[in-house]
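Asks: Pasting model-v6.pdb here (PDB, C-alpha atoms):
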```pdb
ATOM      1  CA  MET C 177       0.000   0.000   0.000  1.00  0.00           C
ATOM      2  CA  HIS C 178       2.367   2.674  -1.165  1.00  0.00           C
ATOM      3  CA  ASP C 179       1.889   6.334  -0.258  1.00  0.00           C
ATOM      4  CA  PRO C 180       1.940   8.268  -3.568  1.00  0.00           C
ATOM      5  CA  ALA C 181       2.847  11.485  -1.792  1.00  0.00           C
ATOM      6  CA  ALA C 182       6.028   9.965  -0.342  1.00  0.00           C
ATOM      7  CA  GLN C 183       7.066   7.316  -2.861  1.00  0.00           C
ATOM      8  CA  HIS C 184       6.124   8.685  -6.272  1.00  0.00           C
ATOM      9  CA  ASP C 185       9.669   8.464  -7.667  1.00  0.00           C
ATOM     10  CA  TRP C 186       9.671   4.699  -7.096  1.00  0.00           C
ATOM     11  CA  VAL C 187       6.340   3.893  -8.750  1.00  0.00           C
ATOM     12  CA  VAL C 188       6.994   5.015 -12.325  1.00  0.00           C
ATOM     13  CA  PHE C 189       7.533   1.369 -13.227  1.00  0.00           C
ATOM     14  CA  ASP C 190       6.214  -1.738 -11.457  1.00  0.00           C
ATOM     15  CA  PHE C 191       7.557  -2.104  -7.938  1.00  0.00           C
ATOM     16  CA  GLY C 192       7.377  -4.197  -4.797  1.00  0.00           C
ATOM     17  CA  VAL C 193       6.647  -7.896  -5.009  1.00  0.00           C
ATOM     18  CA  THR C 194       4.990  -7.601  -8.430  1.00  0.00           C
ATOM     19  CA  GLY C 195       7.998  -5.793  -9.845  1.00  0.00           C
ATOM     20  CA  LEU C 196      10.274  -8.492  -8.470  1.00  0.00           C
ATOM     21  CA  GLY C 197       8.114 -11.291  -9.868  1.00  0.00           C
ATOM     22  CA  ALA C 198       8.081  -9.698 -13.313  1.00  0.00           C
ATOM     23  CA  SER C 199      11.882  -9.359 -13.268  1.00  0.00           C
ATOM     24  CA  PHE C 200      12.479 -13.103 -13.646  1.00  0.00           C
ATOM     25  CA  HIS C 201      13.035 -13.056 -17.379  1.00  0.00           C
ATOM     26  CA  GLY C 202      14.166 -16.190 -19.166  1.00  0.00           C
ATOM     27  CA  ASP C 203      17.886 -15.488 -18.869  1.00  0.00           C
ATOM     28  CA  TRP C 204      18.005 -14.574 -15.189  1.00  0.00           C
ATOM     29  CA  VAL C 205      19.655 -17.918 -14.342  1.00  0.00           C
ATOM     30  CA  LEU C 206      22.660 -16.891 -16.460  1.00  0.00           C
ATOM     31  CA  TYR C 207      23.479 -14.090 -14.037  1.00  0.00           C
ATOM     32  CA  SER C 208      22.270 -15.368 -10.658  1.00  0.00           C
ATOM     33  CA  GLY C 209      22.818 -18.706  -8.974  1.00  0.00           C
ATOM     34  CA  THR C 210      19.598 -18.561  -6.955  1.00  0.00           C
ATOM     35  CA  ALA C 211      16.320 -16.673  -6.956  1.00  0.00           C
ATOM     36  CA  LEU C 212      17.418 -14.725  -3.867  1.00  0.00           C
ATOM     37  CA  GLU C 213      20.647 -13.672  -5.596  1.00  0.00           C
ATOM     38  CA  HIS C 214      18.538 -12.408  -8.481  1.00  0.00           C
ATOM     39  CA  ALA C 215      16.267 -10.536  -6.061  1.00  0.00           C
ATOM     40  CA  LEU C 216      19.291  -8.858  -4.483  1.00  0.00           C
ATOM     41  CA  THR C 217      20.535  -7.782  -7.904  1.00  0.00           C
ATOM     42  CA  HIS C 218      17.062  -6.522  -8.806  1.00  0.00           C
ATOM     43  CA  LEU C 219      17.108  -4.341  -5.689  1.00  0.00           C
ATOM     44  CA  GLY C 220      20.408  -2.764  -6.646  1.00  0.00           C
ATOM     45  CA  GLY C 221      22.900  -5.136  -5.101  1.00  0.00           C
ATOM     46  CA  SER C 222      24.349  -5.248  -1.624  1.00  0.00           C
ATOM     47  CA  ASP C 223      26.090  -1.850  -1.709  1.00  0.00           C
ATOM     48  CA  PRO C 224      24.433   0.729   0.553  1.00  0.00           C
ATOM     49  CA  GLU C 225      22.375   3.386  -1.224  1.00  0.00           C
ATOM     50  CA  PRO C 226      21.055   6.639   0.256  1.00  0.00           C
ATOM     51  CA  ASP C 227      17.399   5.782  -0.306  1.00  0.00           C
ATOM     52  CA  PRO C 228      15.922   2.516   1.031  1.00  0.00           C
ATOM     53  CA  GLU C 229      12.415   3.113  -0.397  1.00  0.00           C
ATOM     54  CA  ARG C 230      12.712   0.614  -3.261  1.00  0.00           C
ATOM     55  CA  VAL C 231      13.471  -2.173  -0.810  1.00  0.00           C
ATOM     56  CA  LEU C 232      10.859  -0.944   1.675  1.00  0.00           C
ATOM     57  CA  LEU C 233       8.128  -1.135  -0.962  1.00  0.00           C
ATOM     58  CA  LEU C 234       8.985  -4.809  -1.443  1.00  0.00           C
ATOM     59  CA  ILE C 235       9.159  -5.463   2.302  1.00  0.00           C
ATOM     60  CA  GLU C 236       5.758  -3.885   2.873  1.00  0.00           C
ATOM     61  CA  ASP C 237       4.155  -6.028   0.166  1.00  0.00           C
ATOM     62  CA  VAL C 238       5.728  -9.188   1.564  1.00  0.00           C
ATOM     63  CA  LEU C 239       4.738  -8.366   5.150  1.00  0.00           C
ATOM     64  CA  ARG C 240       1.136  -7.775   4.072  1.00  0.00           C
ATOM     65  CA  LEU C 241       1.010 -11.075   2.215  1.00  0.00           C
ATOM     66  CA  ARG C 242       2.711 -12.965   5.048  1.00  0.00           C
ATOM     67  CA  ASP C 243       0.304 -11.595   7.645  1.00  0.00           C
ATOM     68  CA  SER C 244      -2.799 -11.961   5.481  1.00  0.00           C
ATOM     69  CA  GLY C 245      -5.404 -14.670   5.601  1.00  0.00           C
ATOM     70  CA  LEU C 246      -4.711 -15.613   1.994  1.00  0.00           C
ATOM     71  CA  SER C 247      -4.287 -19.334   1.462  1.00  0.00           C
ATOM     72  CA  GLY C 248      -1.166 -20.897   0.054  1.00  0.00           C
ATOM     73  CA  GLU C 249      -3.063 -21.501  -3.179  1.00  0.00           C
ATOM     74  CA  ASP C 250      -3.968 -17.801  -3.351  1.00  0.00           C
ATOM     75  CA  LEU C 251      -0.383 -16.718  -2.741  1.00  0.00           C
ATOM     76  CA  SER C 252       0.938 -19.129  -5.343  1.00  0.00           C
ATOM     77  CA  ALA C 253      -1.633 -17.962  -7.927  1.00  0.00           C
ATOM     78  CA  LEU C 254      -0.745 -14.310  -7.334  1.00  0.00           C
ATOM     79  CA  TRP C 255       2.994 -14.985  -7.589  1.00  0.00           C
ATOM     80  CA  ARG C 256       2.612 -17.023 -10.799  1.00  0.00           C
ATOM     81  CA  ALA C 257       0.587 -14.177 -12.318  1.00  0.00           C
ATOM     82  CA  THR C 258       3.629 -11.899 -12.194  1.00  0.00           C
ATOM     83  CA  GLY C 259       5.454 -14.003 -14.791  1.00  0.00           C
ATOM     84  CA  THR C 260       5.023 -16.854 -17.216  1.00  0.00           C
ATOM     85  CA  PRO C 261       6.390 -20.423 -17.216  1.00  0.00           C
ATOM     86  CA  MET C 262       8.541 -19.508 -20.225  1.00  0.00           C
ATOM     87  CA  ASP C 263      10.345 -16.934 -18.084  1.00  0.00           C
ATOM     88  CA  GLY C 264      11.651 -19.608 -15.753  1.00  0.00           C
ATOM     89  CA  GLN C 265      10.112 -17.872 -12.766  1.00  0.00           C
ATOM     90  CA  PRO C 266      10.825 -19.859  -9.570  1.00  0.00           C
ATOM     91  CA  GLU C 267       7.838 -21.843  -8.324  1.00  0.00           C
ATOM     92  CA  ILE C 268       6.698 -21.403  -4.702  1.00  0.00           C
ATOM     93  CA  GLY C 269       3.736 -23.789  -4.707  1.00  0.00           C
ATOM     94  CA  GLY C 270       3.467 -25.691  -1.425  1.00  0.00           C
ATOM     95  CA  ARG C 271       6.041 -23.501   0.333  1.00  0.00           C
ATOM     96  CA  GLU C 272       4.544 -20.050  -0.107  1.00  0.00           C
ATOM     97  CA  HIS C 273       5.082 -18.739   3.430  1.00  0.00           C
ATOM     98  CA  ALA C 274       8.622 -20.097   3.592  1.00  0.00           C
ATOM     99  CA  ALA C 275       9.387 -18.242   0.352  1.00  0.00           C
ATOM    100  CA  LEU C 276       8.061 -15.002   1.846  1.00  0.00           C
ATOM    101  CA  ASP C 277      10.179 -15.496   4.976  1.00  0.00           C
ATOM    102  CA  ARG C 278      13.328 -16.097   2.897  1.00  0.00           C
ATOM    103  CA  LEU C 279      12.658 -12.959   0.899  1.00  0.00           C
ATOM    104  CA  LEU C 280      12.285 -10.925   4.080  1.00  0.00           C
ATOM    105  CA  ALA C 281      15.481 -12.418   5.491  1.00  0.00           C
ATOM    106  CA  MET C 282      17.320 -11.009   2.462  1.00  0.00           C
ATOM    107  CA  ALA C 283      15.500  -7.671   2.105  1.00  0.00           C
ATOM    108  CA  VAL C 284      15.339  -6.500   5.738  1.00  0.00           C
ATOM    109  CA  PRO C 285      19.122  -6.317   6.310  1.00  0.00           C
ATOM    110  CA  LEU C 286      19.501  -4.609   2.929  1.00  0.00           C
ATOM    111  CA  ALA C 287      16.987  -1.916   3.855  1.00  0.00           C
ATOM    112  CA  ARG C 288      18.611  -1.444   7.254  1.00  0.00           C
ATOM    113  CA  ALA C 289      22.020  -1.051   5.601  1.00  0.00           C
ATOM    114  CA  ARG C 290      20.482   1.722   3.484  1.00  0.00           C
ATOM    115  CA  GLY C 291      19.268   3.580   6.538  1.00  0.00           C
ATOM    116  CA  ALA C 292      15.753   2.252   7.161  1.00  0.00           C
ATOM    117  CA  SER C 293      14.612   2.171  10.766  1.00  0.00           C
ATOM    118  CA  ARG C 294      13.681  -1.054  12.530  1.00  0.00           C
ATOM    119  CA  GLU C 295      10.059   0.107  12.588  1.00  0.00           C
ATOM    120  CA  ARG C 296       9.976   0.560   8.806  1.00  0.00           C
ATOM    121  CA  VAL C 297      11.082  -3.039   8.182  1.00  0.00           C
ATOM    122  CA  THR C 298       8.752  -4.681  10.696  1.00  0.00           C
ATOM    123  CA  THR C 299       5.501  -2.695  10.493  1.00  0.00           C
ATOM    124  CA  TYR C 300       3.327  -1.163   7.788  1.00  0.00           C
ATOM    125  CA  PRO C 301       0.440   1.316   7.606  1.00  0.00           C
ATOM    126  CA  SER C 302      -2.997  -0.158   8.183  1.00  0.00           C
ATOM    127  CA  CYS C 303      -5.168  -0.563   5.097  1.00  0.00           C
ATOM    128  CA  VAL C 304      -7.996  -3.103   5.367  1.00  0.00           C
ATOM    129  CA  PRO C 305     -10.258  -2.817   7.278  1.00  0.00           C
ATOM    130  CA  ASP C 306      -9.733   0.467   9.104  1.00  0.00           C
ATOM    131  CA  GLY C 307      -6.646   2.313   7.885  1.00  0.00           C
ATOM    132  CA  ALA C 308      -7.179   6.040   8.394  1.00  0.00           C
ATOM    133  CA  SER C 309      -4.484   7.546   6.159  1.00  0.00           C
ATOM    134  CA  PRO C 310      -5.555   9.267   2.914  1.00  0.00           C
ATOM    135  CA  ALA C 311      -3.844   6.481   0.929  1.00  0.00           C
ATOM    136  CA  ALA C 312      -5.678   3.739   2.838  1.00  0.00           C
ATOM    137  CA  VAL C 313      -9.030   5.471   2.438  1.00  0.00           C
ATOM    138  CA  GLU C 314      -8.491   5.853  -1.313  1.00  0.00           C
ATOM    139  CA  HIS C 315      -7.391   2.244  -1.653  1.00  0.00           C
ATOM    140  CA  ARG C 316     -10.477   0.930   0.116  1.00  0.00           C
ATOM    141  CA  ARG C 317     -12.667   3.229  -1.963  1.00  0.00           C
ATOM    142  CA  ARG C 318     -11.288   1.510  -5.064  1.00  0.00           C
ATOM    143  CA  THR C 319     -11.902  -2.046  -3.864  1.00  0.00           C
ATOM    144  CA  ALA C 320     -15.133  -2.408  -5.847  1.00  0.00           C
ATOM    145  CA  ASP C 321     -13.317  -1.235  -8.986  1.00  0.00           C
ATOM    146  CA  ILE C 322     -10.637  -3.890  -8.551  1.00  0.00           C
ATOM    147  CA  VAL C 323     -13.202  -6.621  -7.947  1.00  0.00           C
ATOM    148  CA  SER C 324     -15.048  -5.574 -11.084  1.00  0.00           C
ATOM    149  CA  LEU C 325     -11.879  -5.357 -13.186  1.00  0.00           C
ATOM    150  CA  ALA C 326     -10.818  -8.811 -11.974  1.00  0.00           C
ATOM    151  CA  GLY C 327     -13.629 -10.067 -14.177  1.00  0.00           C
ATOM    152  CA  LEU C 328     -11.294  -9.415 -17.113  1.00  0.00           C
ATOM    153  CA  LEU C 329      -9.581 -12.671 -16.151  1.00  0.00           C
ATOM    154  CA  GLY C 330     -12.766 -14.618 -16.892  1.00  0.00           C
ATOM    155  CA  ARG C 331     -14.865 -17.121 -15.030  1.00  0.00           C
ATOM    156  CA  GLU C 332     -14.647 -20.878 -14.694  1.00  0.00           C
ATOM    157  CA  GLY C 333     -14.111 -22.416 -18.106  1.00  0.00           C
ATOM    158  CA  PRO C 334     -15.302 -25.731 -19.521  1.00  0.00           C
ATOM    159  CA  GLU C 335     -13.707 -28.996 -18.484  1.00  0.00           C
ATOM    160  CA  GLY C 336     -10.167 -29.155 -19.778  1.00  0.00           C
ATOM    161  CA  ALA C 337      -9.808 -25.371 -20.010  1.00  0.00           C
ATOM    162  CA  ASP C 338      -6.904 -23.467 -18.453  1.00  0.00           C
ATOM    163  CA  LEU C 339      -7.976 -22.938 -14.836  1.00  0.00           C
ATOM    164  CA  ARG C 340      -5.210 -20.515 -13.907  1.00  0.00           C
ATOM    165  CA  PRO C 341      -6.948 -17.262 -14.926  1.00  0.00           C
ATOM    166  CA  ALA C 342     -10.028 -18.083 -12.853  1.00  0.00           C
ATOM    167  CA  ALA C 343      -7.903 -19.087  -9.849  1.00  0.00           C
ATOM    168  CA  THR C 344      -5.958 -15.851 -10.188  1.00  0.00           C
ATOM    169  CA  ARG C 345      -9.194 -13.848 -10.419  1.00  0.00           C
ATOM    170  CA  ARG C 346     -10.382 -15.343  -7.128  1.00  0.00           C
ATOM    171  CA  ALA C 347      -7.035 -14.608  -5.469  1.00  0.00           C
ATOM    172  CA  VAL C 348      -7.039 -11.015  -6.744  1.00  0.00           C
ATOM    173  CA  VAL C 349     -10.547 -10.480  -5.365  1.00  0.00           C
ATOM    174  CA  ARG C 350      -9.599 -11.904  -1.969  1.00  0.00           C
ATOM    175  CA  CYS C 351      -6.453  -9.767  -1.914  1.00  0.00           C
ATOM    176  CA  ALA C 352      -8.458  -6.631  -2.732  1.00  0.00           C
ATOM    177  CA  GLU C 353     -11.117  -7.320  -0.124  1.00  0.00           C
ATOM    178  CA  THR C 354      -8.941  -8.545   2.745  1.00  0.00           C
ATOM    179  CA  VAL C 355      -5.399  -7.215   2.205  1.00  0.00           C
ATOM    180  CA  CYS C 356      -5.101  -4.102   0.023  1.00  0.00           C
ATOM    181  CA  ALA C 357      -6.805  -3.046  -3.207  1.00  0.00           C
ATOM    182  CA  GLU C 358      -3.668  -1.317  -4.481  1.00  0.00           C
ATOM    183  CA  LEU C 359      -1.563  -4.445  -4.108  1.00  0.00           C
ATOM    184  CA  ALA C 360      -4.322  -6.530  -5.687  1.00  0.00           C
ATOM    185  CA  PHE C 361      -4.470  -4.139  -8.630  1.00  0.00           C
ATOM    186  CA  ARG C 362      -0.787  -4.664  -9.387  1.00  0.00           C
ATOM    187  CA  PHE C 363      -1.295  -8.428  -9.342  1.00  0.00           C
ATOM    188  CA  LEU C 364      -4.262  -7.946 -11.672  1.00  0.00           C
ATOM    189  CA  LEU C 365      -2.195  -5.931 -14.152  1.00  0.00           C
ATOM    190  CA  CYS C 366       0.482  -8.627 -14.104  1.00  0.00           C
ATOM    191  CA  ALA C 367      -2.153 -11.299 -14.725  1.00  0.00           C
ATOM    192  CA  VAL C 368      -3.617  -9.391 -17.654  1.00  0.00           C
ATOM    193  CA  GLY C 369      -0.184  -9.406 -19.255  1.00  0.00           C
ATOM    194  CA  SER C 370       0.710 -12.955 -18.234  1.00  0.00           C
ATOM    195  CA  PHE C 371      -2.503 -14.400 -19.681  1.00  0.00           C
ATOM    196  CA  ALA C 372      -2.555 -11.990 -22.657  1.00  0.00           C
ATOM    197  CA  VAL C 373      -6.093 -10.866 -21.831  1.00  0.00           C
ATOM    198  CA  PRO C 374      -7.622  -8.878 -24.720  1.00  0.00           C
ATOM    199  CA  LEU C 375      -8.576  -5.373 -23.604  1.00  0.00           C
ATOM    200  CA  SER C 376     -11.179  -3.065 -25.050  1.00  0.00           C
ATOM    201  CA  PRO C 377     -10.354   0.654 -25.143  1.00  0.00           C
ATOM    202  CA  ALA C 378     -12.940   1.145 -22.393  1.00  0.00           C
ATOM    203  CA  SER C 379     -11.350  -1.512 -20.158  1.00  0.00           C
ATOM    204  CA  TYR C 380      -7.911  -0.033 -20.684  1.00  0.00           C
ATOM    205  CA  ALA C 381      -9.243   3.421 -19.804  1.00  0.00           C
ATOM    206  CA  ARG C 382     -10.606   1.996 -16.541  1.00  0.00           C
ATOM    207  CA  LEU C 383      -7.193   0.515 -15.736  1.00  0.00           C
ATOM    208  CA  GLU C 384      -5.600   3.902 -16.396  1.00  0.00           C
ATOM    209  CA  GLU C 385      -8.137   5.643 -14.167  1.00  0.00           C
ATOM    210  CA  VAL C 386      -7.473   3.339 -11.220  1.00  0.00           C
ATOM    211  CA  ALA C 387      -3.714   3.584 -11.724  1.00  0.00           C
ATOM    212  CA  ALA C 388      -3.932   7.375 -11.629  1.00  0.00           C
ATOM    213  CA  ALA C 389      -5.959   7.197  -8.409  1.00  0.00           C
ATOM    214  CA  PHE C 390      -3.190   5.086  -6.879  1.00  0.00           C
ATOM    215  CA  GLY C 391      -0.561   7.636  -7.917  1.00  0.00           C
ATOM    216  CA  TYR C 392       1.335   5.394 -10.330  1.00  0.00           C
ATOM    217  CA  GLY C 393       3.709   6.684 -12.950  1.00  0.00           C
ATOM    218  CA  PRO C 394       2.977   6.186 -16.649  1.00  0.00           C
ATOM    219  CA  HIS C 395       4.757   2.886 -17.256  1.00  0.00           C
ATOM    220  CA  ILE C 396       2.824   0.461 -15.055  1.00  0.00           C
ATOM    221  CA  VAL C 397      -0.448   0.324 -16.966  1.00  0.00           C
ATOM    222  CA  ASP C 398       1.045   0.977 -20.401  1.00  0.00           C
ATOM    223  CA  ALA C 399       2.892  -2.338 -20.056  1.00  0.00           C
ATOM    224  CA  VAL C 400      -0.404  -3.964 -21.133  1.00  0.00           C
ATOM    225  CA  GLU C 401      -1.429  -1.350 -23.704  1.00  0.00           C
ATOM    226  CA  TYR C 402      -0.401  -3.704 -26.513  1.00  0.00           C
ATOM    227  CA  LEU C 403      -3.390  -5.915 -25.598  1.00  0.00           C
ATOM    228  CA  VAL C 404      -5.916  -3.242 -26.551  1.00  0.00           C
ATOM    229  CA  ALA C 405      -7.842  -4.270 -29.640  1.00  0.00           C
TER     230      ALA C 405
END
```
What does this structure look like when you write it as structure tokens?
Replies:
Amino acid sequence: MHDPAAQHDWVVFDFGVTGLGASFHGDWVLYSGTALEHALTHLGGSDPEPDPERVLLLIEDVLRLRDSGLSGEDLSALWRATGTPMDGQPEIGGREHAALDRLLAMAVPLARARGASRERVTTYPSCVPDGASPAAVEHRRRTADIVSLAGLLGREGPEGADLRPAATRRAVVRCAETVCAELAFRFLLCAVGSFAVPLSPASYARLEEVAAAFGYGPHIVDAVEYLVA
């Protein structure tokens, strides 16, 4: 649940856990021995930097998911939606919470080395159900929009059809309603791209409207503009 007033410079492109998931392109194994090594590289390496916000955005996402009531199946569906099997994205199915804990174990010391306080790496602003900040209020106000837009991923298909889009839709809805609509929206955008969901101009305009309300930069939604027909 980023605060657009404080973190705008870091949300021009995808960020947090969705940005990390989308970074596992097909050749990542050529440069990193493990997924955590790749994540460290994605975050700018181990050298201290003056601004820890990029890492803190990831930590906040991971803390929210870890502390949520989302099932392992939900977490796995959301993570898979950030990439495609052809990308060689690491699978977390069956060990979702362990994967989140390992990611935190890498990211927290990195953020601390860049000057983040202990509070910033262990707590996060309240969102659902009663966060009082302007960002939390706006995010909750947009929950119905995210639930509606999740319908882009389709409903249950016939026997033998690909069940992943429908499973992802359910996970996105649960994330929006019980965790944070802003985080759910980023997973939804990833899923639209991952499943190559055709978009009408009207649907794309709705995605742009919600993205603007969340304070995103221009290059998060336009990553799926090529799907507009």
Asks: Let me know the residues the PyMOL selection byres ((chain C and resi 326) around 8) catches in the file above, as number ranges by chain.
Replies: C: 322-325, 327-330, 345, 348-349, 364
Asks: Within 12 Å of Leu234 in chain C, counting only C-alpha atoms, which residues show up once you throw out same-chain ones fewer than 5 positions away? Write them as a count of residues only, please.
Replies: 33
Asks: Work out how far CA of Val205 in chain C is from CA of Ala289 in chain C, in Å to one decimal.
Replies: 26.2 Å
Asks: Tell me, as a PDB file with C-alpha atoms, keeping the file's coordinate frame, which residues lie within 7 Å of Pro374 in chain C, counting all atoms listed in the file; anything in the same chain fewer than 2 positions away does not count.
Replies:
```pdb
ATOM      1  CA  ALA C 372      -2.555 -11.990 -22.657  1.00  0.00           C
ATOM      2  CA  SER C 376     -11.179  -3.065 -25.050  1.00  0.00           C
ATOM      3  CA  LEU C 403      -3.390  -5.915 -25.598  1.00  0.00           C
ATOM      4  CA  VAL C 404      -5.916  -3.242 -26.551  1.00  0.00           C
ATOM      5  CA  ALA C 405      -7.842  -4.270 -29.640  1.00  0.00           C
TER       6      ALA C 405
END
```
Asks: If you count all atoms listed in the file, which residues fall within 7 Å of range 301-318 of chain C, apart from same-chain ones fewer than 4 positions away, as an MDAnalysis selection string?
Replies: chainID C and resid 179 322 354:358
Asks: Please fill the gaps in range 245-262 of chain C so it has N, CA, C and O atoms, and write that as a compact mmCIF listing (two decimals), in the frame of the given file.
Replies:
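Saved result, out.txt, follows:
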```txt
# COMPACT_ATOMS: atom_id res chain seq x y z
N GLY C 245 -4.71 -13.39 5.51
CA GLY C 245 -5.40 -14.67 5.60
C GLY C 245 -5.48 -15.39 4.27
O GLY C 245 -6.22 -16.38 4.15
N LEU C 246 -4.71 -14.94 3.29
CA LEU C 246 -4.71 -15.61 1.99
C LEU C 246 -4.15 -17.02 2.13
O LEU C 246 -3.17 -17.25 2.84
N SER C 247 -4.75 -17.95 1.43
CA SER C 247 -4.29 -19.33 1.46
C SER C 247 -3.00 -19.49 0.67
O SER C 247 -2.62 -18.61 -0.13
N GLY C 248 -2.34 -20.61 0.86
CA GLY C 248 -1.17 -20.90 0.05
C GLY C 248 -1.48 -20.92 -1.42
O GLY C 248 -0.70 -20.44 -2.25
N GLU C 249 -2.65 -21.47 -1.77
CA GLU C 249 -3.06 -21.50 -3.18
C GLU C 249 -3.25 -20.10 -3.73
O GLU C 249 -2.86 -19.82 -4.88
N ASP C 250 -3.82 -19.19 -2.93
CA ASP C 250 -3.97 -17.80 -3.35
C ASP C 250 -2.61 -17.15 -3.59
O ASP C 250 -2.37 -16.50 -4.61
N LEU C 251 -1.71 -17.33 -2.62
CA LEU C 251 -0.38 -16.72 -2.74
C LEU C 251 0.36 -17.24 -3.96
O LEU C 251 1.01 -16.48 -4.68
N SER C 252 0.27 -18.54 -4.20
CA SER C 252 0.94 -19.13 -5.34
C SER C 252 0.35 -18.60 -6.65
O SER C 252 1.09 -18.28 -7.59
N ALA C 253 -0.99 -18.47 -6.72
CA ALA C 253 -1.63 -17.96 -7.93
C ALA C 253 -1.22 -16.52 -8.20
O ALA C 253 -0.95 -16.14 -9.35
N LEU C 254 -1.14 -15.71 -7.15
CA LEU C 254 -0.74 -14.31 -7.33
C LEU C 254 0.71 -14.22 -7.80
O LEU C 254 1.03 -13.44 -8.70
N TRP C 255 1.58 -15.01 -7.19
CA TRP C 255 2.99 -14.98 -7.59
C TRP C 255 3.16 -15.44 -9.04
O TRP C 255 3.86 -14.80 -9.82
N ARG C 256 2.50 -16.53 -9.42
CA ARG C 256 2.61 -17.02 -10.80
C ARG C 256 2.12 -15.99 -11.80
O ARG C 256 2.60 -15.94 -12.93
N ALA C 257 1.15 -15.17 -11.40
CA ALA C 257 0.59 -14.18 -12.32
C ALA C 257 1.58 -13.09 -12.67
O ALA C 257 1.40 -12.39 -13.68
N THR C 258 2.65 -12.94 -11.89
CA THR C 258 3.63 -11.90 -12.19
C THR C 258 4.60 -12.30 -13.30
O THR C 258 5.39 -11.47 -13.75
N GLY C 259 4.56 -13.55 -13.72
CA GLY C 259 5.45 -14.00 -14.79
C GLY C 259 4.78 -15.07 -15.61
O GLY C 259 3.57 -15.27 -15.53
N THR C 260 5.54 -15.75 -16.42
CA THR C 260 5.02 -16.85 -17.22
C THR C 260 5.98 -18.03 -17.08
O THR C 260 7.16 -17.84 -16.76
N PRO C 261 5.49 -19.26 -17.31
CA PRO C 261 6.39 -20.42 -17.22
C PRO C 261 7.60 -20.31 -18.14
O PRO C 261 8.69 -20.78 -17.80
N MET C 262 7.43 -19.65 -19.29
CA MET C 262 8.54 -19.51 -20.23
C MET C 262 9.65 -18.64 -19.65
O MET C 262 10.80 -18.71 -20.09
```
